$ cat upload-v2.cif   # mmCIF, C-alpha atoms
data_model
loop_
_atom_site.label_atom_id
_atom_site.label_comp_id
_atom_site.auth_asym_id
_atom_site.auth_seq_id
_atom_site.Cartn_x
_atom_site.Cartn_y
_atom_site.Cartn_z
CA MET O 1 11.35 -27.75 -33.19
CA PRO O 2 13.11 -25.07 -31.10
CA ASN O 3 16.79 -25.36 -30.23
CA THR O 4 17.63 -26.75 -26.82
CA CYS O 5 19.46 -24.42 -24.48
CA SER O 6 23.19 -25.14 -24.54
CA ILE O 7 23.37 -24.91 -20.75
CA CYS O 8 20.47 -27.37 -20.36
CA ARG O 9 22.46 -29.95 -22.40
CA ARG O 10 25.45 -29.76 -20.05
CA LYS O 11 26.19 -32.43 -17.45
CA ASP O 12 26.78 -29.78 -14.79
CA VAL O 13 23.47 -28.01 -15.40
CA ALA O 14 22.30 -28.66 -11.82
CA ASP O 15 25.40 -26.92 -10.43
CA ILE O 16 24.91 -23.99 -12.80
CA ASP O 17 21.24 -23.73 -11.86
CA ARG O 18 22.10 -23.73 -8.17
CA ASP O 19 24.68 -20.96 -8.68
CA ILE O 20 22.28 -18.88 -10.79
CA LEU O 21 19.55 -19.18 -8.16
CA ALA O 22 22.09 -18.28 -5.47
CA GLY O 23 22.66 -14.99 -7.30
CA ALA O 24 26.11 -15.57 -8.79
CA SER O 25 27.08 -13.10 -11.51
CA PHE O 26 27.23 -14.26 -15.11
CA ASN O 27 30.91 -13.29 -15.29
CA ALA O 28 31.70 -15.46 -12.26
CA LEU O 29 29.75 -18.34 -13.80
CA HIS O 30 31.63 -17.86 -17.07
CA GLU O 31 34.92 -18.10 -15.20
CA LYS O 32 33.78 -21.17 -13.24
CA TYR O 33 32.08 -23.19 -16.00
CA GLY O 34 33.49 -21.75 -19.22
CA ALA O 35 30.03 -21.06 -20.67
CA SER O 36 29.36 -17.81 -22.51
CA VAL O 37 27.75 -14.98 -20.58
CA GLY O 38 24.95 -14.75 -23.18
CA ALA O 39 24.13 -18.46 -22.87
CA LEU O 40 24.11 -18.19 -19.09
CA HIS O 41 21.79 -15.18 -19.25
CA ARG O 42 19.36 -16.90 -21.63
CA HIS O 43 19.41 -20.02 -19.47
CA SER O 44 18.70 -18.01 -16.31
CA VAL O 45 15.71 -16.36 -17.97
CA HIS O 46 14.02 -19.62 -18.93
CA LEU O 47 15.09 -21.28 -15.65
CA LYS O 48 13.35 -18.56 -13.65
CA GLN O 49 10.31 -18.74 -15.93
CA GLU O 50 10.06 -22.49 -15.43
CA LEU O 51 10.35 -22.06 -11.68
CA ASN O 52 8.00 -19.05 -11.80
CA ILE O 53 10.49 -16.91 -9.92
CA LYS O 54 9.86 -13.21 -10.08
CA PRO O 55 12.80 -10.89 -9.49
CA VAL O 56 12.46 -9.20 -6.13
CA LEU O 57 14.66 -6.92 -4.14
CA GLN O 58 16.28 -8.60 -1.17
CA ILE O 59 16.28 -6.74 2.16
CA GLY O 60 19.96 -5.86 1.73
CA ASP O 61 19.31 -4.67 -1.81
CA MET O 62 16.48 -2.46 -0.57
CA GLU O 63 18.66 -0.90 2.11
CA THR O 64 21.39 -0.33 -0.47
CA ALA O 65 18.92 1.20 -2.92
CA VAL O 66 17.42 3.49 -0.30
CA SER O 67 20.86 4.56 0.93
CA ARG O 68 21.92 5.33 -2.64
CA VAL O 69 18.77 7.39 -3.16
CA ARG O 70 19.49 9.25 0.09
CA GLU O 71 23.00 9.96 -1.21
CA LEU O 72 21.52 11.35 -4.43
CA GLU O 73 19.20 13.48 -2.33
CA ALA O 74 22.15 14.90 -0.39
CA ARG O 75 24.00 15.68 -3.61
CA ALA O 76 20.94 17.39 -5.12
CA ASP O 77 20.51 19.40 -1.91
CA LYS O 78 24.14 20.54 -2.06
CA LEU O 79 23.73 21.55 -5.72
CA TYR O 80 20.60 23.49 -4.78
CA LYS O 81 22.32 25.34 -1.92
CA ASP O 82 25.36 26.15 -4.08
CA SER O 83 23.20 27.49 -6.90
CA VAL O 84 21.16 29.64 -4.46
CA LYS O 85 24.36 31.10 -3.00
CA SER O 86 25.66 31.96 -6.45
CA GLY O 87 22.29 33.43 -7.52
CA ASP O 88 21.86 30.90 -10.34
CA ARG O 89 18.06 30.64 -10.53
CA LEU O 90 17.96 28.19 -13.45
CA ASN O 91 20.20 25.63 -11.75
CA SER O 92 18.36 26.18 -8.46
CA LEU O 93 15.15 25.20 -10.19
CA ARG O 94 16.81 22.18 -11.83
CA ALA O 95 18.20 21.04 -8.47
CA LEU O 96 14.75 21.37 -6.88
CA LYS O 97 13.28 19.25 -9.66
CA GLU O 98 15.92 16.58 -9.06
CA MET O 99 15.24 16.67 -5.33
CA ARG O 100 11.53 16.17 -5.99
CA GLU O 101 12.24 13.18 -8.22
CA VAL O 102 14.62 11.68 -5.65
CA VAL O 103 12.03 12.03 -2.91
CA GLU O 104 9.44 10.38 -5.17
CA LEU O 105 11.80 7.52 -5.93
CA CYS O 106 12.56 7.03 -2.25
CA ALA O 107 8.85 7.00 -1.45
CA LYS O 108 8.28 4.33 -4.09
CA LEU O 109 11.12 2.19 -2.74
CA THR O 110 9.93 2.40 0.85
CA GLY O 111 6.28 1.84 -0.06
CA GLU O 112 5.13 5.26 1.10
CA LEU O 113 3.85 6.03 -2.40
CA ASN O 114 1.29 3.53 -3.61
CA GLN O 115 0.60 3.95 -7.30
CA GLN O 116 -1.81 1.07 -7.70
CA GLN O 117 -5.31 2.10 -8.54
CA THR O 118 -8.13 0.77 -6.45
CA VAL O 119 -11.20 -0.28 -8.39
CA VAL O 120 -14.40 -0.73 -6.46
CA HIS O 121 -17.20 -2.66 -8.09
CA GLN O 122 -20.57 -2.11 -6.57
CA HIS O 123 -23.34 -4.38 -7.68
CA LEU O 124 -26.55 -2.60 -6.83
CA HIS O 125 -28.70 -5.67 -7.37
CA VAL O 126 -27.11 -7.59 -4.50
CA THR O 127 -27.40 -4.96 -1.80
CA PRO O 128 -30.15 -5.24 0.83
CA GLU O 129 -31.00 -1.60 0.21
CA TRP O 130 -31.76 -2.31 -3.46
CA ALA O 131 -33.89 -5.34 -2.61
CA ALA O 132 -35.92 -3.23 -0.16
CA LEU O 133 -36.28 -0.34 -2.63
CA ARG O 134 -37.30 -2.70 -5.45
CA SER O 135 -39.90 -4.28 -3.20
CA VAL O 136 -41.32 -0.88 -2.18
CA MET O 137 -41.50 0.32 -5.81
CA LEU O 138 -43.23 -2.83 -7.05
CA GLN O 139 -45.71 -2.77 -4.16
CA ALA O 140 -46.46 0.91 -4.75
CA LEU O 141 -47.17 0.23 -8.41
CA GLN O 142 -49.42 -2.79 -7.70
CA PRO O 143 -52.62 -0.73 -8.37
CA TYR O 144 -51.12 0.51 -11.68
CA PRO O 145 -50.35 -2.62 -13.72
CA GLU O 146 -49.16 -0.72 -16.81
CA ALA O 147 -46.72 1.45 -14.85
CA ARG O 148 -45.55 -1.60 -12.91
CA ALA O 149 -45.00 -3.55 -16.14
CA ALA O 150 -43.08 -0.60 -17.63
CA LEU O 151 -40.88 -0.38 -14.54
CA VAL O 152 -40.24 -4.13 -14.56
CA ALA O 153 -39.36 -4.02 -18.27
CA ALA O 154 -36.99 -1.10 -17.75
CA LEU O 155 -35.32 -2.78 -14.79
CA GLU O 156 -34.97 -6.07 -16.64
CA GLY O 157 -33.49 -4.23 -19.61
CA SER O 158 -30.85 -2.71 -17.36
CA ARG O 159 -30.27 -6.07 -15.62
CA ALA O 160 -31.20 -4.40 -12.33
CA LEU O 161 -33.52 -7.23 -11.35
CA GLU O 162 -30.68 -9.77 -11.16
CA GLY O 163 -30.42 -11.69 -7.99
CA PRO O 164 -33.13 -13.27 -5.92
CA ALA O 165 -36.30 -11.29 -5.53
CA PRO O 166 -38.01 -11.21 -2.13
CA ILE O 167 -40.66 -13.90 -1.71
CA GLY O 168 -43.91 -12.88 -3.36
CA GLU O 169 -42.27 -9.98 -5.17
CA ALA O 170 -41.10 -11.68 -8.37
CA PRO O 171 -42.71 -9.69 -11.15
CA GLU O 172 -44.69 -11.64 -13.68
CA VAL O 173 -45.09 -9.84 -16.97
CA ASP O 174 -46.44 -11.45 -20.10
CA ASP O 175 -45.22 -10.62 -23.62
CA ALA O 176 -47.95 -8.01 -24.08
CA GLY O 177 -46.68 -6.08 -21.09
CA GLU O 178 -49.82 -6.68 -19.02
#
$ encode --input "upload-v2.cif" --output "structure tokens"
Amino acid sequence: MPNTCSICRRKDVADIDRDILAGASFNALHEKYGASVGALHRHSVHLKQELNIKPVLQIGDMETAVSRVRELEARADKLYKDSVKSGDRLNSLRALKEMREVVELCAKLTGELNQQQTVVHQHLHVTPEWAALRSVMLQALQPYPEARAALVAALEGSRALEGPAPIGEAPEVDDAGE
């Protein structure tokens, strides 16, 4: 049986939980409640898991993060200009690289750079175009039962005949392929 969290066993656990969820620092909580910083951290992890709280940036945090990135950008720009003036090509190149990374970071923070991949699943057998094409092919092969049976077998093997067939178009093929 796993050990119970030492914070969870405390009488003032509700107060600690409230302070953790309010964003109090572990050092402040240590001062207030006398619990170790490590125990408070472990407790906050399982508390947030139980409540299914995902860490997110608050609006103020976002503005702070973006302003800090902008400050880094200004510093990198100054380093670049200084290195160009002094003719230091290597440090100019390094400063440009830093500026590129700062711009990328800023774009990620502001949502301008979306790195999520978009996956598009197209199911051919459910499109009206496929139903019409399948109908035309089967009708065209009506005078040629062997070719029609071969086409039906190939389509069934590739699962391309899934979905409802148009009325009167459901292929009937016996085991001999006739």
$ atom_distance --input "upload-v2.cif" --atom1 "atom CA of Trp130 of chain O" --atom2 "atom CA of Ala154 of chain O"
15.3 Å
$ closest_residue --input "upload-v2.cif" --among "O:Arg94, O:His41, O:Arg10, O:Arg134" --to "Leu79 of chain O" --atoms "all atoms listed in the file"
O:Arg94
$ atom_distance --input "upload-v2.cif" --atom1 "atom CA of Asp15 of chain O" --atom2 "atom CA of Lys32 of chain O"
10.5 Å
$ atom_distance --input "upload-v2.cif" --atom1 "atom CA of Asn3 of chain O" --atom2 "atom CA of Leu47 of chain O"
15.2 Å
$ residues_around --input "upload-v2.cif" --residues "segment 67-69 of chain O" --least-positions-apart "6" --cutoff "12 Å" --atoms "all atoms listed in the file" --output "list in words"
Gly60, Asp61, Arg75, Ala76, Glu98, Met99, Arg100, Glu101, Val102, Val103, Glu104, Leu105, Cys106, Ala107, Lys108, Leu109 and Thr110 of chain O
$ closest_residue --input "upload-v2.cif" --among "O:Leu21, O:Ala131, O:Ile7, O:Tyr80" --to "Gly34 of chain O" --atoms "only C-alpha atoms"
O:Ile7
$ closest_residue --input "upload-v2.cif" --among "O:Leu72, O:Asp19, O:Glu31, O:Val66" --to "Gly111 of chain O" --atoms "all atoms listed in the file"
O:Val66
$ resolve_selection --input "upload-v2.cif" --expression "the PyMOL selection byres ((chain O and resi 39) around 12)" --output "list in words"
Thr4, Cys5, Ser6, Ile7, Cys8, Arg9, Arg10, Ile16, Phe26, Asn27, Leu29, His30, Tyr33, Gly34, Ala35, Ser36, Val37, Gly38, Leu40, His41, Arg42, His43, Ser44, Val45, His46 and Leu47 of chain O
$ residues_around --input "upload-v2.cif" --residues "Leu141 of chain O" --least-positions-apart "4" --cutoff "12 Å" --atoms "all atoms listed in the file" --output "list of chain:residue names"
O:Arg134, O:Ser135, O:Val136, O:Met137, O:Pro145, O:Glu146, O:Ala147, O:Arg148, O:Ala149, O:Ala150, O:Leu151, O:Val152, O:Glu169, O:Pro171
